[in-house]
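Next up, start-v7.pdb (PDB, C-alpha atoms and all ligand atoms):
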ATOM      1  CA  MET Y   2     -20.109-121.407 -40.457
ATOM      2  CA  LEU Y   3     -20.884-124.753 -42.077
ATOM      3  CA  LYS Y   4     -19.500-127.447 -39.771
ATOM      4  CA  ARG Y   5     -20.411-130.885 -41.048
ATOM      5  CA  ARG Y   6     -22.504-132.380 -43.825
ATOM      6  CA  VAL Y   7     -25.527-134.036 -42.183
ATOM      7  CA  VAL Y   8     -27.454-135.337 -45.228
ATOM      8  CA  ALA Y   9     -25.702-135.850 -48.579
ATOM      9  CA  LYS Y  10     -27.492-135.525 -51.921
ATOM     10  CA  ALA Y  11     -27.766-139.291 -52.520
ATOM     11  CA  GLU Y  12     -29.251-139.836 -49.060
ATOM     12  CA  LEU Y  13     -31.738-137.002 -49.607
ATOM     13  CA  ASP Y  14     -32.818-138.636 -52.872
ATOM     14  CA  ASN Y  15     -33.303-141.985 -51.113
ATOM     15  CA  ILE Y  16     -35.293-140.433 -48.268
ATOM     16  CA  ILE Y  17     -37.572-138.532 -50.643
ATOM     17  CA  GLU Y  18     -38.061-141.585 -52.847
ATOM     18  CA  ARG Y  19     -39.080-143.659 -49.808
ATOM     19  CA  LEU Y  20     -41.503-140.962 -48.603
ATOM     20  CA  ALA Y  21     -43.033-140.700 -52.096
ATOM     21  CA  GLU Y  22     -43.598-144.483 -52.161
ATOM     22  CA  GLU Y  23     -45.330-144.331 -48.752
ATOM     23  CA  LEU Y  24     -47.456-141.400 -49.938
ATOM     24  CA  ASN Y  25     -48.361-143.091 -53.230
ATOM     25  CA  ARG Y  26     -49.823-145.967 -51.201
ATOM     26  CA  ASP Y  27     -51.634-143.542 -48.885
ATOM     27  CA  LEU Y  28     -53.104-141.467 -51.732
ATOM     28  CA  VAL Y  29     -55.389-144.203 -53.029
ATOM     29  CA  ALA Y  30     -59.024-142.988 -52.975
ATOM     30  CA  LYS Y  31     -58.011-139.573 -51.615
ATOM     31  CA  ASP Y  32     -58.812-136.075 -52.875
ATOM     32  CA  PRO Y  33     -55.439-134.602 -51.985
ATOM     33  CA  VAL Y  34     -54.173-131.071 -51.521
ATOM     34  CA  PHE Y  35     -50.463-130.786 -50.726
ATOM     35  CA  VAL Y  36     -49.746-127.675 -48.669
ATOM     36  CA  GLY Y  37     -46.121-126.556 -48.431
ATOM     37  CA  ILE Y  38     -45.041-124.275 -45.608
ATOM     38  CA  LEU Y  39     -43.009-121.410 -47.089
ATOM     39  CA  LYS Y  40     -40.195-120.848 -47.457
ATOM     40  CA  GLY Y  41     -38.265-123.737 -45.968
ATOM     41  CA  ALA Y  42     -40.307-126.587 -47.426
ATOM     42  CA  VAL Y  43     -40.092-125.433 -51.061
ATOM     43  CA  TYR Y  44     -37.107-127.550 -52.132
ATOM     44  CA  PHE Y  45     -38.441-130.656 -50.390
ATOM     45  CA  PHE Y  46     -41.987-129.981 -51.628
ATOM     46  CA  THR Y  47     -41.034-129.822 -55.307
ATOM     47  CA  ALA Y  48     -38.767-132.896 -55.109
ATOM     48  CA  LEU Y  49     -41.444-134.881 -53.288
ATOM     49  CA  THR Y  50     -44.525-133.963 -55.305
ATOM     50  CA  GLN Y  51     -42.765-134.659 -58.613
ATOM     51  CA  ARG Y  52     -42.305-138.264 -57.468
ATOM     52  CA  LEU Y  53     -45.998-138.801 -56.762
ATOM     53  CA  THR Y  54     -47.839-140.997 -59.236
ATOM     54  CA  HIS Y  55     -51.212-139.363 -58.448
ATOM     55  CA  SER Y  56     -52.309-135.894 -59.505
ATOM     56  CA  VAL Y  57     -52.417-133.631 -56.460
ATOM     57  CA  VAL Y  58     -53.480-130.014 -55.964
ATOM     58  CA  VAL Y  59     -50.628-127.898 -54.584
ATOM     59  CA  ASP Y  60     -50.813-124.785 -52.429
ATOM     60  CA  PHE Y  61     -48.637-122.868 -49.993
ATOM     61  CA  ILE Y  62     -49.021-121.177 -46.659
ATOM     62  CA  GLN Y  63     -46.497-118.901 -44.972
ATOM     63  CA  VAL Y  64     -46.227-118.163 -41.291
ATOM     64  CA  SER Y  65     -43.572-116.327 -39.394
ATOM     65  CA  SER Y  66     -42.390-116.870 -35.888
ATOM     66  CA  TYR Y  67     -40.623-114.096 -34.093
ATOM     67  CA  GLY Y  68     -37.453-114.895 -32.239
ATOM     68  CA  SER Y  69     -33.742-115.189 -32.802
ATOM     69  CA  SER Y  70     -32.325-116.792 -35.937
ATOM     70  CA  THR Y  71     -31.933-120.223 -34.361
ATOM     71  CA  ASN Y  72     -34.805-120.252 -31.857
ATOM     72  CA  SER Y  73     -38.483-119.562 -32.417
ATOM     73  CA  SER Y  74     -40.366-117.600 -29.772
ATOM     74  CA  GLY Y  75     -43.635-119.449 -29.795
ATOM     75  CA  THR Y  76     -45.606-116.690 -31.558
ATOM     76  CA  VAL Y  77     -46.734-117.645 -35.040
ATOM     77  CA  THR Y  78     -48.494-115.215 -37.411
ATOM     78  CA  LEU Y  79     -50.025-115.877 -40.821
ATOM     79  CA  VAL Y  80     -48.082-114.139 -43.628
ATOM     80  CA  LYS Y  81     -49.610-115.810 -46.700
ATOM     81  CA  ASP Y  82     -52.841-117.772 -46.666
ATOM     82  CA  LEU Y  83     -53.959-120.699 -48.824
ATOM     83  CA  THR Y  84     -55.600-119.888 -52.162
ATOM     84  CA  VAL Y  85     -57.553-123.129 -52.708
ATOM     85  CA  ASP Y  86     -60.644-124.314 -50.871
ATOM     86  CA  ILE Y  87     -59.645-127.322 -48.766
ATOM     87  CA  ALA Y  88     -63.091-128.104 -47.334
ATOM     88  CA  GLY Y  89     -63.731-131.841 -47.695
ATOM     89  CA  LYS Y  90     -60.210-132.459 -49.092
ATOM     90  CA  ASP Y  91     -57.401-134.678 -47.822
ATOM     91  CA  VAL Y  92     -54.688-132.230 -46.818
ATOM     92  CA  TYR Y  93     -51.020-133.201 -46.605
ATOM     93  CA  VAL Y  94     -49.001-130.509 -44.831
ATOM     94  CA  VAL Y  95     -45.392-130.546 -46.018
ATOM     95  CA  GLU Y  96     -42.808-129.110 -43.612
ATOM     96  CA  ASP Y  97     -39.022-128.910 -43.827
ATOM     97  CA  ILE Y  98     -38.299-129.650 -40.173
ATOM     98  CA  VAL Y  99     -40.308-130.162 -37.007
ATOM     99  CA  ASP Y 100     -38.382-128.730 -34.082
ATOM    100  CA  THR Y 101     -40.408-127.589 -31.038
ATOM    101  CA  GLY Y 102     -43.646-128.364 -32.908
ATOM    102  CA  ILE Y 103     -45.037-124.860 -32.264
ATOM    103  CA  THR Y 104     -45.248-123.872 -35.951
ATOM    104  CA  LEU Y 105     -46.984-127.078 -36.949
ATOM    105  CA  VAL Y 106     -49.550-126.966 -34.130
ATOM    106  CA  ASP Y 107     -50.580-123.465 -35.239
ATOM    107  CA  VAL Y 108     -50.622-124.339 -38.967
ATOM    108  CA  LEU Y 109     -52.709-127.448 -38.289
ATOM    109  CA  ALA Y 110     -55.190-125.353 -36.292
ATOM    110  CA  LEU Y 111     -55.498-122.888 -39.207
ATOM    111  CA  ILE Y 112     -56.070-125.725 -41.643
ATOM    112  CA  ALA Y 113     -58.485-127.628 -39.390
ATOM    113  CA  ALA Y 114     -60.648-124.482 -39.202
ATOM    114  CA  ARG Y 115     -61.344-124.881 -42.967
ATOM    115  CA  HIS Y 116     -62.874-128.342 -42.456
ATOM    116  CA  PRO Y 117     -60.698-130.688 -44.521
ATOM    117  CA  ARG Y 118     -61.794-134.341 -44.631
ATOM    118  CA  SER Y 119     -58.391-135.409 -43.282
ATOM    119  CA  MET Y 120     -55.032-133.870 -42.386
ATOM    120  CA  LYS Y 121     -51.622-135.516 -42.409
ATOM    121  CA  VAL Y 122     -48.119-134.167 -41.890
ATOM    122  CA  VAL Y 123     -45.043-134.923 -43.988
ATOM    123  CA  ALA Y 124     -41.716-133.662 -42.629
ATOM    124  CA  LEU Y 125     -38.296-134.076 -44.181
ATOM    125  CA  LEU Y 126     -36.537-133.777 -40.809
ATOM    126  CA  SER Y 127     -37.579-134.050 -37.194
ATOM    127  CA  LYS Y 128     -35.758-133.186 -33.968
ATOM    128  CA  PRO Y 129     -37.781-135.208 -31.435
ATOM    129  CA  SER Y 130     -35.570-134.199 -28.491
ATOM    130  CA  ARG Y 131     -36.628-130.537 -28.948
ATOM    131  CA  ARG Y 132     -40.384-131.101 -28.976
ATOM    132  CA  GLN Y 133     -42.475-128.762 -26.783
ATOM    133  CA  ARG Y 134     -45.855-129.512 -28.360
ATOM    134  CA  GLU Y 135     -47.247-132.922 -29.130
ATOM    135  CA  VAL Y 136     -47.820-132.966 -32.856
ATOM    136  CA  PRO Y 137     -48.582-135.882 -35.171
ATOM    137  CA  VAL Y 138     -45.953-136.336 -37.893
ATOM    138  CA  ASP Y 139     -47.310-139.065 -40.153
ATOM    139  CA  PHE Y 140     -44.399-139.279 -42.602
ATOM    140  CA  VAL Y 141     -40.858-138.483 -41.405
ATOM    141  CA  GLY Y 142     -37.795-138.428 -43.636
ATOM    142  CA  LEU Y 143     -35.053-138.469 -41.017
ATOM    143  CA  GLU Y 144     -34.781-137.875 -37.277
ATOM    144  CA  ILE Y 145     -31.769-135.778 -36.329
ATOM    145  CA  PRO Y 146     -30.243-134.765 -32.987
ATOM    146  CA  ASP Y 147     -30.466-131.250 -31.539
ATOM    147  CA  VAL Y 148     -28.220-129.471 -34.046
ATOM    148  CA  PHE Y 149     -29.028-126.430 -36.191
ATOM    149  CA  VAL Y 150     -29.029-127.345 -39.864
ATOM    150  CA  VAL Y 151     -29.131-125.375 -43.128
ATOM    151  CA  GLY Y 152     -29.511-126.175 -46.812
ATOM    152  CA  PHE Y 153     -32.165-127.747 -49.066
ATOM    153  CA  GLY Y 154     -34.591-124.989 -48.033
ATOM    154  CA  LEU Y 155     -33.439-124.508 -44.447
ATOM    155  CA  ASP Y 156     -31.939-121.152 -43.589
ATOM    156  CA  PHE Y 157     -29.920-119.217 -41.089
ATOM    157  CA  ALA Y 158     -31.042-115.551 -41.305
ATOM    158  CA  GLU Y 159     -32.402-116.271 -44.846
ATOM    159  CA  GLN Y 160     -29.024-117.579 -46.038
ATOM    160  CA  TYR Y 161     -28.032-121.073 -47.243
ATOM    161  CA  ARG Y 162     -31.494-122.231 -48.446
ATOM    162  CA  ASN Y 163     -30.113-123.007 -51.913
ATOM    163  CA  LEU Y 164     -27.423-125.443 -50.766
ATOM    164  CA  PRO Y 165     -28.207-128.827 -52.375
ATOM    165  CA  GLU Y 166     -27.324-130.782 -49.213
ATOM    166  CA  ILE Y 167     -28.005-130.378 -45.496
ATOM    167  CA  TRP Y 168     -25.240-129.070 -43.252
ATOM    168  CA  GLU Y 169     -24.836-128.471 -39.554
ATOM    169  CA  PHE Y 170     -24.399-124.752 -38.951
ATOM    170  CA  SER Y 171     -22.783-122.950 -36.068
ATOM    171  CA  GLU Y 172     -22.700-119.208 -35.403
ATOM    172  CA  GLU Y 173     -19.249-119.548 -33.843
ATOM    173  CA  GLY Y 174     -16.241-119.806 -36.121
ATOM    174  CA  GLY Y 175     -13.384-122.287 -35.702
TER     175      GLY Y 175
HETATM  176  P1  LIG Y 201     -40.789-125.307 -34.643
HETATM  177  O1  LIG Y 201     -41.962-124.389 -34.646
HETATM  178  O2  LIG Y 201     -39.899-125.076 -33.454
HETATM  179  O3  LIG Y 201     -41.140-126.771 -34.806
HETATM  180  O4  LIG Y 201     -39.870-124.892 -35.833
HETATM  181  C1  LIG Y 201     -40.211-125.084 -37.122
HETATM  182  C2  LIG Y 201     -39.503-124.097 -38.010
HETATM  183  O5  LIG Y 201     -38.325-123.560 -37.402
HETATM  184  C3  LIG Y 201     -39.063-124.795 -39.251
HETATM  185  O6  LIG Y 201     -40.055-124.728 -40.247
HETATM  186  C4  LIG Y 201     -37.831-124.026 -39.631
HETATM  187  O7  LIG Y 201     -38.197-122.901 -40.406
HETATM  188  C5  LIG Y 201     -37.273-123.545 -38.314
HETATM  189  N1  LIG Y 201     -36.189-124.441 -37.848
HETATM  190  C6  LIG Y 201     -36.227-125.319 -36.838
HETATM  191  N2  LIG Y 201     -35.061-125.964 -36.715
HETATM  192  C7  LIG Y 201     -34.272-125.491 -37.696
HETATM  193  C8  LIG Y 201     -32.925-125.778 -38.111
HETATM  194  O8  LIG Y 201     -32.202-126.629 -37.560
HETATM  195  N3  LIG Y 201     -32.474-125.070 -39.182
HETATM  196  C9  LIG Y 201     -33.218-124.139 -39.833
HETATM  197  N4  LIG Y 201     -34.472-123.846 -39.485
HETATM  198  C10 LIG Y 201     -34.995-124.516 -38.422
END
The structure in this file should be written as structure tokens.
Ligand code: IMP
Amino acid sequence: MLKRRVVAKAELDNIIERLAEELNRDLVAKDPVFVGILKGAVYFFTALTQRLTHSVVVDFIQVSSYGSSTNSSGTVTLVKDLTVDIAGKDVYVVEDIVDTGITLVDVLALIAARHPRSMKVVALLSKPSRRQREVPVDFVGLEIPDVFVVGFGLDFAEQYRNLPEIWEFSEEGG
């Protein structure tokens, strides 16, 4: 059940606007490819890239991690690969949330193997207290405590992605 609203629409807009301003400064003299991690990052990715004042190439990658609905197992497999050549490009990986860091470490390894000129990470949310892998997150929207959240792309068992705001979710009722 949805327990508590964690990020309201107006706050989301402010966070994304701030991140876009930081990115607009960073994009000077870059040859950027923005890579969204499907499916969770889609809502954030579209909101963010529309606020950029530079033209950027966009692409998507999808990985899956096997485990329960609220905990990843640490095994990440590639479901959908990139379609553009990122060799020599400045890649910005856009993720919905960095939790243990396992997904991002594996995605960054996949991307690094294609020899980009640079690689940076943009995450809407981060749960630093849950980190198991050290992973560089260059642009962070909001740090949150160890709660499971849904909405604005984030799911529980594929549900709730389309909620316009971010809510804490609990499997228990009441
Ligand atoms: P990590 O590999 O543990 O860092 O987890 C990253 C992925 O797990 C994210 O891209 C999400 O798909 C999922 N995830 C982690 N925390 C949450 C959450 O609170 N709600 C929904 N999905 C989450």
Quiz item: Which one of Y:Ala88, Y:Glu23, Y:Glu12, Y:Arg52 sits closest to Ala114 in chain Y if you count all atoms listed in the file?
Solution: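 That would be Y:Ala88, the residue with the smallest distance to Ala114 in chain Y.
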Exercise. Evaluate the PyMOL selection byres (((chain Y and resi 155) around 10) and not hetatm) and record the selected residues as a list of chain:residue names, following the chain and residue labels used in the document.
Key: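 Here the PyMOL selection byres (((chain Y and resi 155) around 10) and not hetatm) matches Y:Lys40, Y:Gly41, Y:Ala42, Y:Val43, Y:Tyr44, Y:Phe45, Y:Asp97, Y:Ile98, Y:Phe149, Y:Val150, Y:Val151, Y:Gly152, Y:Phe153, Y:Gly154, Y:Asp156, Y:Phe157, Y:Ala158, Y:Glu159, Y:Gln160, Y:Tyr161, Y:Arg162, Y:Asn163, Y:Leu164, Y:Glu166, Y:Ile167, Y:Trp168.
Here atom N1 of ligand LIG 201 (chain Y) and CA of Val92 in chain Y stand 22.0 Å from one another.
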Exercise. Could you tell me which residues the PyMOL selection byres (((chain Y and resi 104) around 9) and not hetatm) returns for this structure, as an MDAnalysis selection string?
Key: chainID Y and resid 64:66 73 75:77 99:103 105:109
Quiz prompt | Nearest to Asn15 in chain Y, chosen from Y:Ser56, Y:Lys90, Y:Ala48, Y:Met120, with all atoms listed in the file counted in the distances | solution =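 That would be Y:Ala48, the residue with the smallest distance to Asn15 in chain Y.
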Up to 8 Å from (-20.0, -130.5, -38.9) in the file's coordinates: name the residues, counting only C-alpha atoms, as an mmCIF file with C-alpha atoms, keeping the file's coordinate frame.
data_model
loop_
_atom_site.group_PDB
_atom_site.id
_atom_site.type_symbol
_atom_site.label_atom_id
_atom_site.label_comp_id
_atom_site.auth_asym_id
_atom_site.auth_seq_id
_atom_site.Cartn_x
_atom_site.Cartn_y
_atom_site.Cartn_z
ATOM 1 C CA LEU Y 3 -20.884 -124.753 -42.077
ATOM 2 C CA LYS Y 4 -19.500 -127.447 -39.771
ATOM 3 C CA ARG Y 5 -20.411 -130.885 -41.048
ATOM 4 C CA ARG Y 6 -22.504 -132.380 -43.825
ATOM 5 C CA VAL Y 7 -25.527 -134.036 -42.183
ATOM 6 C CA TRP Y 168 -25.240 -129.070 -43.252
ATOM 7 C CA GLU Y 169 -24.836 -128.471 -39.554
ATOM 8 C CA PHE Y 170 -24.399 -124.752 -38.951
#
